[in-house]
>>> print(open('target.txt').read())   # compact mmCIF, N, CA and C atoms
# COMPACT_ATOMS: atom_id res chain seq x y z
N MET F 1 105.26 98.62 103.29
CA MET F 1 105.55 99.98 103.65
C MET F 1 105.19 100.89 102.48
N LEU F 2 104.52 101.97 102.77
CA LEU F 2 104.16 102.96 101.77
C LEU F 2 105.28 103.98 101.68
N LYS F 3 105.73 104.25 100.45
CA LYS F 3 106.81 105.22 100.28
C LYS F 3 106.62 105.99 98.99
N LEU F 4 107.26 107.13 98.94
CA LEU F 4 107.26 107.97 97.76
C LEU F 4 108.36 107.47 96.83
N ASN F 5 108.01 107.23 95.56
CA ASN F 5 109.00 106.76 94.60
C ASN F 5 108.84 107.56 93.31
N LEU F 6 109.56 108.66 93.22
CA LEU F 6 109.48 109.49 92.02
C LEU F 6 110.32 108.93 90.89
N ASN F 7 111.32 108.11 91.20
CA ASN F 7 112.18 107.59 90.14
C ASN F 7 111.39 106.79 89.12
N HIS F 8 110.36 106.12 89.58
CA HIS F 8 109.52 105.34 88.68
C HIS F 8 108.89 106.25 87.61
N ILE F 9 108.27 107.33 88.04
CA ILE F 9 107.61 108.23 87.09
C ILE F 9 108.63 109.03 86.27
N PHE F 10 109.78 109.34 86.87
CA PHE F 10 110.84 110.00 86.10
C PHE F 10 111.29 109.11 84.94
N THR F 11 111.41 107.82 85.21
CA THR F 11 111.81 106.88 84.16
C THR F 11 110.74 106.82 83.08
N LEU F 12 109.49 106.72 83.48
CA LEU F 12 108.40 106.67 82.50
C LEU F 12 108.33 107.92 81.65
N ARG F 13 108.61 109.05 82.24
CA ARG F 13 108.55 110.33 81.53
C ARG F 13 109.87 110.67 80.84
N ARG F 14 110.84 109.76 80.94
CA ARG F 14 112.15 109.92 80.29
C ARG F 14 112.89 111.16 80.77
N ILE F 15 112.78 111.43 82.07
CA ILE F 15 113.49 112.55 82.68
C ILE F 15 114.84 112.03 83.15
N LYS F 16 115.89 112.47 82.49
CA LYS F 16 117.24 111.95 82.74
C LYS F 16 117.90 112.61 83.95
N LYS F 17 117.52 113.84 84.26
CA LYS F 17 118.12 114.56 85.38
C LYS F 17 117.02 115.02 86.34
N PRO F 18 116.54 114.12 87.20
CA PRO F 18 115.43 114.45 88.10
C PRO F 18 115.71 115.62 89.02
N TYR F 19 116.91 115.70 89.55
CA TYR F 19 117.24 116.80 90.45
C TYR F 19 117.07 118.14 89.72
N THR F 20 117.64 118.25 88.54
CA THR F 20 117.53 119.48 87.75
C THR F 20 116.08 119.78 87.40
N TYR F 21 115.33 118.73 87.09
CA TYR F 21 113.92 118.89 86.76
C TYR F 21 113.15 119.46 87.95
N LEU F 22 113.36 118.89 89.13
CA LEU F 22 112.67 119.38 90.33
C LEU F 22 113.07 120.81 90.66
N LYS F 23 114.34 121.13 90.49
CA LYS F 23 114.79 122.51 90.72
C LYS F 23 114.08 123.46 89.75
N SER F 24 113.89 123.03 88.50
CA SER F 24 113.21 123.88 87.52
C SER F 24 111.74 124.11 87.87
N LEU F 25 111.18 123.22 88.68
CA LEU F 25 109.80 123.37 89.15
C LEU F 25 109.71 124.30 90.35
N GLY F 26 110.86 124.69 90.89
CA GLY F 26 110.87 125.61 92.02
C GLY F 26 111.16 124.96 93.36
N PHE F 27 111.49 123.68 93.36
CA PHE F 27 111.84 123.02 94.63
C PHE F 27 113.23 123.45 95.06
N SER F 28 113.42 123.59 96.36
CA SER F 28 114.72 123.97 96.89
C SER F 28 115.72 122.84 96.68
N HIS F 29 117.00 123.17 96.83
CA HIS F 29 118.05 122.16 96.72
C HIS F 29 117.78 121.01 97.68
N ASP F 30 117.47 121.34 98.92
CA ASP F 30 117.27 120.33 99.96
C ASP F 30 116.12 119.39 99.62
N VAL F 31 114.98 119.96 99.24
CA VAL F 31 113.80 119.14 98.94
C VAL F 31 114.05 118.28 97.69
N ALA F 32 114.61 118.89 96.65
CA ALA F 32 114.90 118.15 95.41
C ALA F 32 115.86 116.99 95.70
N HIS F 33 116.88 117.26 96.48
CA HIS F 33 117.86 116.22 96.82
C HIS F 33 117.20 115.07 97.59
N ARG F 34 116.38 115.42 98.56
CA ARG F 34 115.71 114.38 99.35
C ARG F 34 114.73 113.57 98.50
N LEU F 35 114.03 114.22 97.59
CA LEU F 35 113.08 113.50 96.73
C LEU F 35 113.80 112.51 95.82
N VAL F 36 114.88 112.94 95.22
CA VAL F 36 115.61 112.09 94.29
C VAL F 36 116.29 110.92 95.01
N ASN F 37 116.71 111.15 96.24
CA ASN F 37 117.45 110.12 96.98
C ASN F 37 116.59 109.35 97.98
N HIS F 38 115.29 109.41 97.84
CA HIS F 38 114.35 108.66 98.69
C HIS F 38 114.54 108.96 100.17
N LYS F 39 114.85 110.19 100.51
CA LYS F 39 115.08 110.56 101.90
C LYS F 39 113.95 111.43 102.46
N VAL F 40 112.90 111.59 101.70
CA VAL F 40 111.81 112.46 102.13
C VAL F 40 110.89 111.71 103.09
N SER F 41 110.52 112.38 104.17
CA SER F 41 109.61 111.75 105.13
C SER F 41 108.20 112.31 105.01
N GLY F 42 108.05 113.38 104.26
CA GLY F 42 106.74 113.96 104.06
C GLY F 42 106.80 115.12 103.08
N LEU F 43 105.69 115.37 102.44
CA LEU F 43 105.57 116.50 101.51
C LEU F 43 104.30 117.27 101.84
N LYS F 44 104.32 118.51 101.53
CA LYS F 44 103.11 119.33 101.67
C LYS F 44 102.22 119.05 100.48
N MET F 45 100.94 119.24 100.68
CA MET F 45 99.97 118.95 99.62
C MET F 45 100.25 119.76 98.35
N TYR F 46 100.63 121.02 98.49
CA TYR F 46 100.88 121.82 97.30
C TYR F 46 102.11 121.30 96.53
N GLN F 47 103.05 120.65 97.24
CA GLN F 47 104.21 120.08 96.57
C GLN F 47 103.81 118.84 95.76
N ILE F 48 102.95 118.02 96.34
CA ILE F 48 102.45 116.84 95.62
C ILE F 48 101.66 117.30 94.40
N GLU F 49 100.85 118.32 94.58
CA GLU F 49 100.06 118.85 93.46
C GLU F 49 100.97 119.38 92.35
N LYS F 50 102.02 120.09 92.72
CA LYS F 50 102.95 120.65 91.74
C LYS F 50 103.62 119.54 90.93
N ILE F 51 104.04 118.49 91.61
CA ILE F 51 104.67 117.36 90.93
C ILE F 51 103.67 116.68 90.00
N CYS F 52 102.46 116.46 90.49
CA CYS F 52 101.44 115.80 89.67
C CYS F 52 101.08 116.63 88.43
N GLN F 53 100.99 117.93 88.60
CA GLN F 53 100.69 118.79 87.44
C GLN F 53 101.82 118.72 86.42
N ALA F 54 103.04 118.80 86.88
CA ALA F 54 104.20 118.81 85.97
C ALA F 54 104.38 117.46 85.27
N LEU F 55 104.13 116.36 85.98
CA LEU F 55 104.36 115.04 85.42
C LEU F 55 103.10 114.41 84.83
N TYR F 56 102.00 115.16 84.86
CA TYR F 56 100.72 114.70 84.32
C TYR F 56 100.37 113.33 84.89
N CYS F 57 100.22 113.30 86.22
CA CYS F 57 99.94 112.05 86.91
C CYS F 57 99.06 112.31 88.12
N THR F 58 98.75 111.26 88.85
CA THR F 58 97.97 111.38 90.08
C THR F 58 98.90 111.07 91.26
N PRO F 59 98.49 111.40 92.48
CA PRO F 59 99.31 111.04 93.63
C PRO F 59 99.59 109.53 93.71
N ASN F 60 98.66 108.70 93.27
CA ASN F 60 98.90 107.24 93.29
C ASN F 60 100.11 106.86 92.44
N ASP F 61 100.40 107.62 91.40
CA ASP F 61 101.55 107.33 90.55
C ASP F 61 102.87 107.64 91.25
N LEU F 62 102.82 108.43 92.30
CA LEU F 62 104.03 108.84 93.02
C LEU F 62 104.37 107.92 94.17
N PHE F 63 103.39 107.17 94.62
CA PHE F 63 103.58 106.31 95.79
C PHE F 63 103.73 104.86 95.39
N GLU F 64 104.40 104.12 96.27
CA GLU F 64 104.65 102.71 96.04
C GLU F 64 104.44 101.98 97.37
N TRP F 65 103.92 100.81 97.29
CA TRP F 65 103.72 99.99 98.49
C TRP F 65 104.35 98.64 98.24
N ASP F 66 105.27 98.23 99.12
CA ASP F 66 105.94 96.95 98.90
C ASP F 66 105.29 95.81 99.70
N GLY F 67 104.54 96.13 100.73
CA GLY F 67 103.83 95.11 101.48
C GLY F 67 104.72 94.15 102.24
N THR F 68 106.00 94.48 102.38
CA THR F 68 106.95 93.61 103.06
C THR F 68 106.53 93.37 104.51
N GLY F 69 106.48 92.10 104.87
CA GLY F 69 106.17 91.74 106.25
C GLY F 69 104.72 91.92 106.64
N GLN F 70 103.86 92.20 105.67
CA GLN F 70 102.45 92.41 105.97
C GLN F 70 101.61 91.44 105.16
N THR F 71 100.53 91.02 105.75
CA THR F 71 99.61 90.16 105.01
C THR F 71 98.33 90.92 104.77
N PHE F 72 98.08 91.21 103.51
CA PHE F 72 96.87 91.90 103.10
C PHE F 72 96.17 91.04 102.06
N ASP F 73 94.90 91.18 102.01
CA ASP F 73 94.13 90.58 100.93
C ASP F 73 94.68 91.13 99.62
N PRO F 74 94.94 90.27 98.62
CA PRO F 74 95.47 90.75 97.33
C PRO F 74 94.54 91.75 96.65
N ASN F 75 93.28 91.78 97.07
CA ASN F 75 92.34 92.73 96.50
C ASN F 75 92.29 94.05 97.27
N HIS F 76 93.12 94.16 98.29
CA HIS F 76 93.15 95.40 99.07
C HIS F 76 93.59 96.55 98.16
N PRO F 77 92.99 97.72 98.30
CA PRO F 77 93.34 98.86 97.45
C PRO F 77 94.84 99.21 97.45
N LEU F 78 95.54 98.97 98.55
CA LEU F 78 96.98 99.25 98.57
C LEU F 78 97.75 98.39 97.57
N SER F 79 97.20 97.24 97.22
CA SER F 79 97.86 96.35 96.27
C SER F 79 98.06 97.02 94.91
N THR F 80 97.23 98.00 94.58
CA THR F 80 97.38 98.70 93.30
C THR F 80 98.65 99.55 93.27
N LEU F 81 99.24 99.78 94.44
CA LEU F 81 100.46 100.59 94.50
C LEU F 81 101.72 99.74 94.45
N LYS F 82 101.57 98.44 94.28
CA LYS F 82 102.75 97.59 94.08
C LYS F 82 103.24 97.83 92.66
N ARG F 83 104.54 98.00 92.49
CA ARG F 83 105.11 98.31 91.18
C ARG F 83 105.62 97.06 90.49
N ASN F 84 105.29 96.97 89.23
CA ASN F 84 105.82 95.93 88.36
C ASN F 84 106.69 96.65 87.34
N GLU F 85 107.97 96.43 87.39
CA GLU F 85 108.91 97.17 86.54
C GLU F 85 109.00 96.62 85.12
N GLU F 86 108.24 95.59 84.79
CA GLU F 86 108.31 94.98 83.46
C GLU F 86 108.00 95.99 82.36
N HIS F 87 107.02 96.86 82.59
CA HIS F 87 106.64 97.80 81.53
C HIS F 87 107.74 98.83 81.23
N LEU F 88 108.67 99.02 82.17
CA LEU F 88 109.76 99.95 81.91
C LEU F 88 110.72 99.42 80.84
N LYS F 89 110.76 98.10 80.68
CA LYS F 89 111.62 97.50 79.66
C LYS F 89 111.17 97.93 78.26
N GLY F 90 109.90 98.21 78.10
CA GLY F 90 109.38 98.67 76.81
C GLY F 90 109.96 100.00 76.39
N LEU F 91 110.35 100.81 77.36
CA LEU F 91 110.95 102.11 77.03
C LEU F 91 112.28 101.93 76.31
N ASP F 92 113.03 100.92 76.69
CA ASP F 92 114.30 100.65 76.00
C ASP F 92 114.05 100.26 74.55
N LEU F 93 112.95 99.56 74.32
CA LEU F 93 112.62 99.16 72.95
C LEU F 93 112.34 100.37 72.07
N LEU F 94 111.77 101.40 72.65
CA LEU F 94 111.48 102.61 71.87
C LEU F 94 112.75 103.23 71.30
N GLU F 95 113.82 103.18 72.06
CA GLU F 95 115.07 103.77 71.59
C GLU F 95 115.64 103.03 70.39
N LYS F 96 115.25 101.76 70.23
CA LYS F 96 115.77 100.95 69.13
C LYS F 96 114.76 100.78 68.00
N LEU F 97 113.59 101.39 68.15
CA LEU F 97 112.53 101.25 67.15
C LEU F 97 112.92 101.98 65.87
N PRO F 98 112.84 101.28 64.71
CA PRO F 98 113.17 101.95 63.45
C PRO F 98 112.21 103.11 63.19
N MET F 99 112.72 104.13 62.55
CA MET F 99 111.91 105.31 62.26
C MET F 99 110.66 104.95 61.45
N SER F 100 110.78 103.93 60.61
CA SER F 100 109.64 103.52 59.79
C SER F 100 108.47 103.03 60.65
N LYS F 101 108.78 102.55 61.85
CA LYS F 101 107.73 102.06 62.74
C LYS F 101 107.19 103.15 63.66
N MET F 102 107.89 104.28 63.75
CA MET F 102 107.46 105.35 64.65
C MET F 102 106.09 105.89 64.27
N THR F 103 105.80 106.00 62.97
CA THR F 103 104.50 106.50 62.53
C THR F 103 103.40 105.53 62.96
N GLU F 104 103.65 104.24 62.81
CA GLU F 104 102.68 103.24 63.25
C GLU F 104 102.41 103.36 64.74
N LEU F 105 103.48 103.52 65.51
CA LEU F 105 103.35 103.65 66.95
C LEU F 105 102.57 104.91 67.32
N LYS F 106 102.89 106.01 66.67
CA LYS F 106 102.17 107.27 66.94
C LYS F 106 100.69 107.11 66.64
N ASN F 107 100.34 106.47 65.53
CA ASN F 107 98.94 106.26 65.18
C ASN F 107 98.24 105.39 66.22
N LEU F 108 98.92 104.37 66.68
CA LEU F 108 98.37 103.51 67.73
C LEU F 108 98.12 104.29 69.01
N LEU F 109 99.09 105.11 69.38
CA LEU F 109 98.94 105.93 70.59
C LEU F 109 97.81 106.95 70.43
N ASP F 110 97.71 107.54 69.24
CA ASP F 110 96.60 108.48 68.98
C ASP F 110 95.26 107.79 69.12
N ASP F 111 95.16 106.56 68.61
CA ASP F 111 93.93 105.79 68.73
C ASP F 111 93.60 105.50 70.18
N MET F 112 94.61 105.19 70.98
CA MET F 112 94.40 104.90 72.40
C MET F 112 93.92 106.14 73.13
N ASN F 113 94.42 107.30 72.77
CA ASN F 113 94.02 108.54 73.43
C ASN F 113 92.60 108.97 73.06
N MET F 114 92.11 108.48 71.95
CA MET F 114 90.77 108.83 71.51
C MET F 114 89.69 108.13 72.36
N GLU F 115 90.05 107.03 72.98
CA GLU F 115 89.07 106.25 73.75
C GLU F 115 88.75 106.91 75.05
>>> encode(input="target.txt", output="structure tokens")
Amino acid sequence: MLKLNLNHIFTLRRIKKPYTYLKSLGFSHDVAHRLVNHKVSGLKMYQIEKICQALYCTPNDLFEWDGTGQTFDPNHPLSTLKRNEEHLKGLDLLEKLPMSKMTELKNLLDDMNME
């Protein structure tokens, strides 16, 4: 099943209060509430664009596909929307990283952005 999952990108972007964040982008109480609580059945294109601009991502980063009950070729393009939460564990490591290592990490990230 294909679904919208903003919590994944909120976690990656370290947004602690998604509802407040969405409200600050101009979303109504109702829309923000539905987005945060996975109750949204559809979004307008301009809303997807607004979220992508604010979170510096693509629409593919907002969607998730679990493939439950379906048999697809593992090379099917929808397979790229399956989420692996392992990389989120690295975010916890950042909070415990000594300040002496932060400069090294920043330099590594700068090098990655240069490519």
>>> residues_around(input="target.txt", residues="Leu81 (chain F)", least_positions_apart="3", cutoff="6 Å", atoms="only C-alpha atoms", output="PyMOL selection string")
chain F and resi 64-65+78
>>> closest_residue(input="target.txt", among="F:Leu4, F:Leu97, F:Leu55, F:Met112", to="His38 (chain F)", atoms="only C-alpha atoms")
F:Leu4
>>> residues_around(input="target.txt", residues="His8 (chain F)", least_positions_apart="6", cutoff="8 Å", atoms="only N, CA and C atoms", output="list of chain:residue names")
F:Arg14, F:Asp61, F:Leu62
>>> closest_residue(input="target.txt", among="F:Thr103, F:Ile9, F:Tyr19, F:Lys96", to="His33 (chain F)", atoms="all atoms listed in the file")
F:Tyr19
>>> select_by_dssp(input="target.txt", residues="chain F", states="alpha helix (DSSP H)", output="ChimeraX atom specification")
/F:6-12,18-24,29-36,45-55,59-62,89-96,99-114
>>> residues_around(input="target.txt", residues="Ala32 (chain F)", least_positions_apart="4", cutoff="6.5 Å", atoms="all atoms listed in the file", output="PDB file with N, CA and C atoms, in the frame of the given file")
ATOM      1  N   TYR F  19     116.910 115.700  89.550  1.00  0.00           N
ATOM      2  CA  TYR F  19     117.240 116.800  90.450  1.00  0.00           C
ATOM      3  C   TYR F  19     117.070 118.140  89.720  1.00  0.00           C
ATOM      4  N   LEU F  22     113.360 118.890  89.130  1.00  0.00           N
ATOM      5  CA  LEU F  22     112.670 119.380  90.330  1.00  0.00           C
ATOM      6  C   LEU F  22     113.070 120.810  90.660  1.00  0.00           C
ATOM      7  N   LYS F  23     114.340 121.130  90.490  1.00  0.00           N
ATOM      8  CA  LYS F  23     114.790 122.510  90.720  1.00  0.00           C
ATOM      9  C   LYS F  23     114.080 123.460  89.750  1.00  0.00           C
ATOM     10  N   PHE F  27     111.490 123.680  93.360  1.00  0.00           N
ATOM     11  CA  PHE F  27     111.840 123.020  94.630  1.00  0.00           C
ATOM     12  C   PHE F  27     113.230 123.450  95.060  1.00  0.00           C
ATOM     13  N   SER F  28     113.420 123.590  96.360  1.00  0.00           N
ATOM     14  CA  SER F  28     114.720 123.970  96.890  1.00  0.00           C
ATOM     15  C   SER F  28     115.720 122.840  96.680  1.00  0.00           C
ATOM     16  N   VAL F  36     114.880 112.940  95.220  1.00  0.00           N
ATOM     17  CA  VAL F  36     115.610 112.090  94.290  1.00  0.00           C
ATOM     18  C   VAL F  36     116.290 110.920  95.010  1.00  0.00           C
ATOM     19  N   ASN F  37     116.710 111.150  96.240  1.00  0.00           N
ATOM     20  CA  ASN F  37     117.450 110.120  96.980  1.00  0.00           C
ATOM     21  C   ASN F  37     116.590 109.350  97.980  1.00  0.00           C
TER      22      ASN F  37
END
>>> atom_distance(input="target.txt", atom1="atom N of Glu95 (chain F)", atom2="atom C of Gln53 (chain F)")
24.3 Å
>>> closest_residue(input="target.txt", among="F:Glu104, F:Ile48, F:Asp66, F:Pro98", to="Leu2 (chain F)", atoms="all atoms listed in the file")
F:Asp66
>>> atom_distance(input="target.txt", atom1="CA of Met1 (chain F)", atom2="atom C of Thr68 (chain F)")
6.7 Å
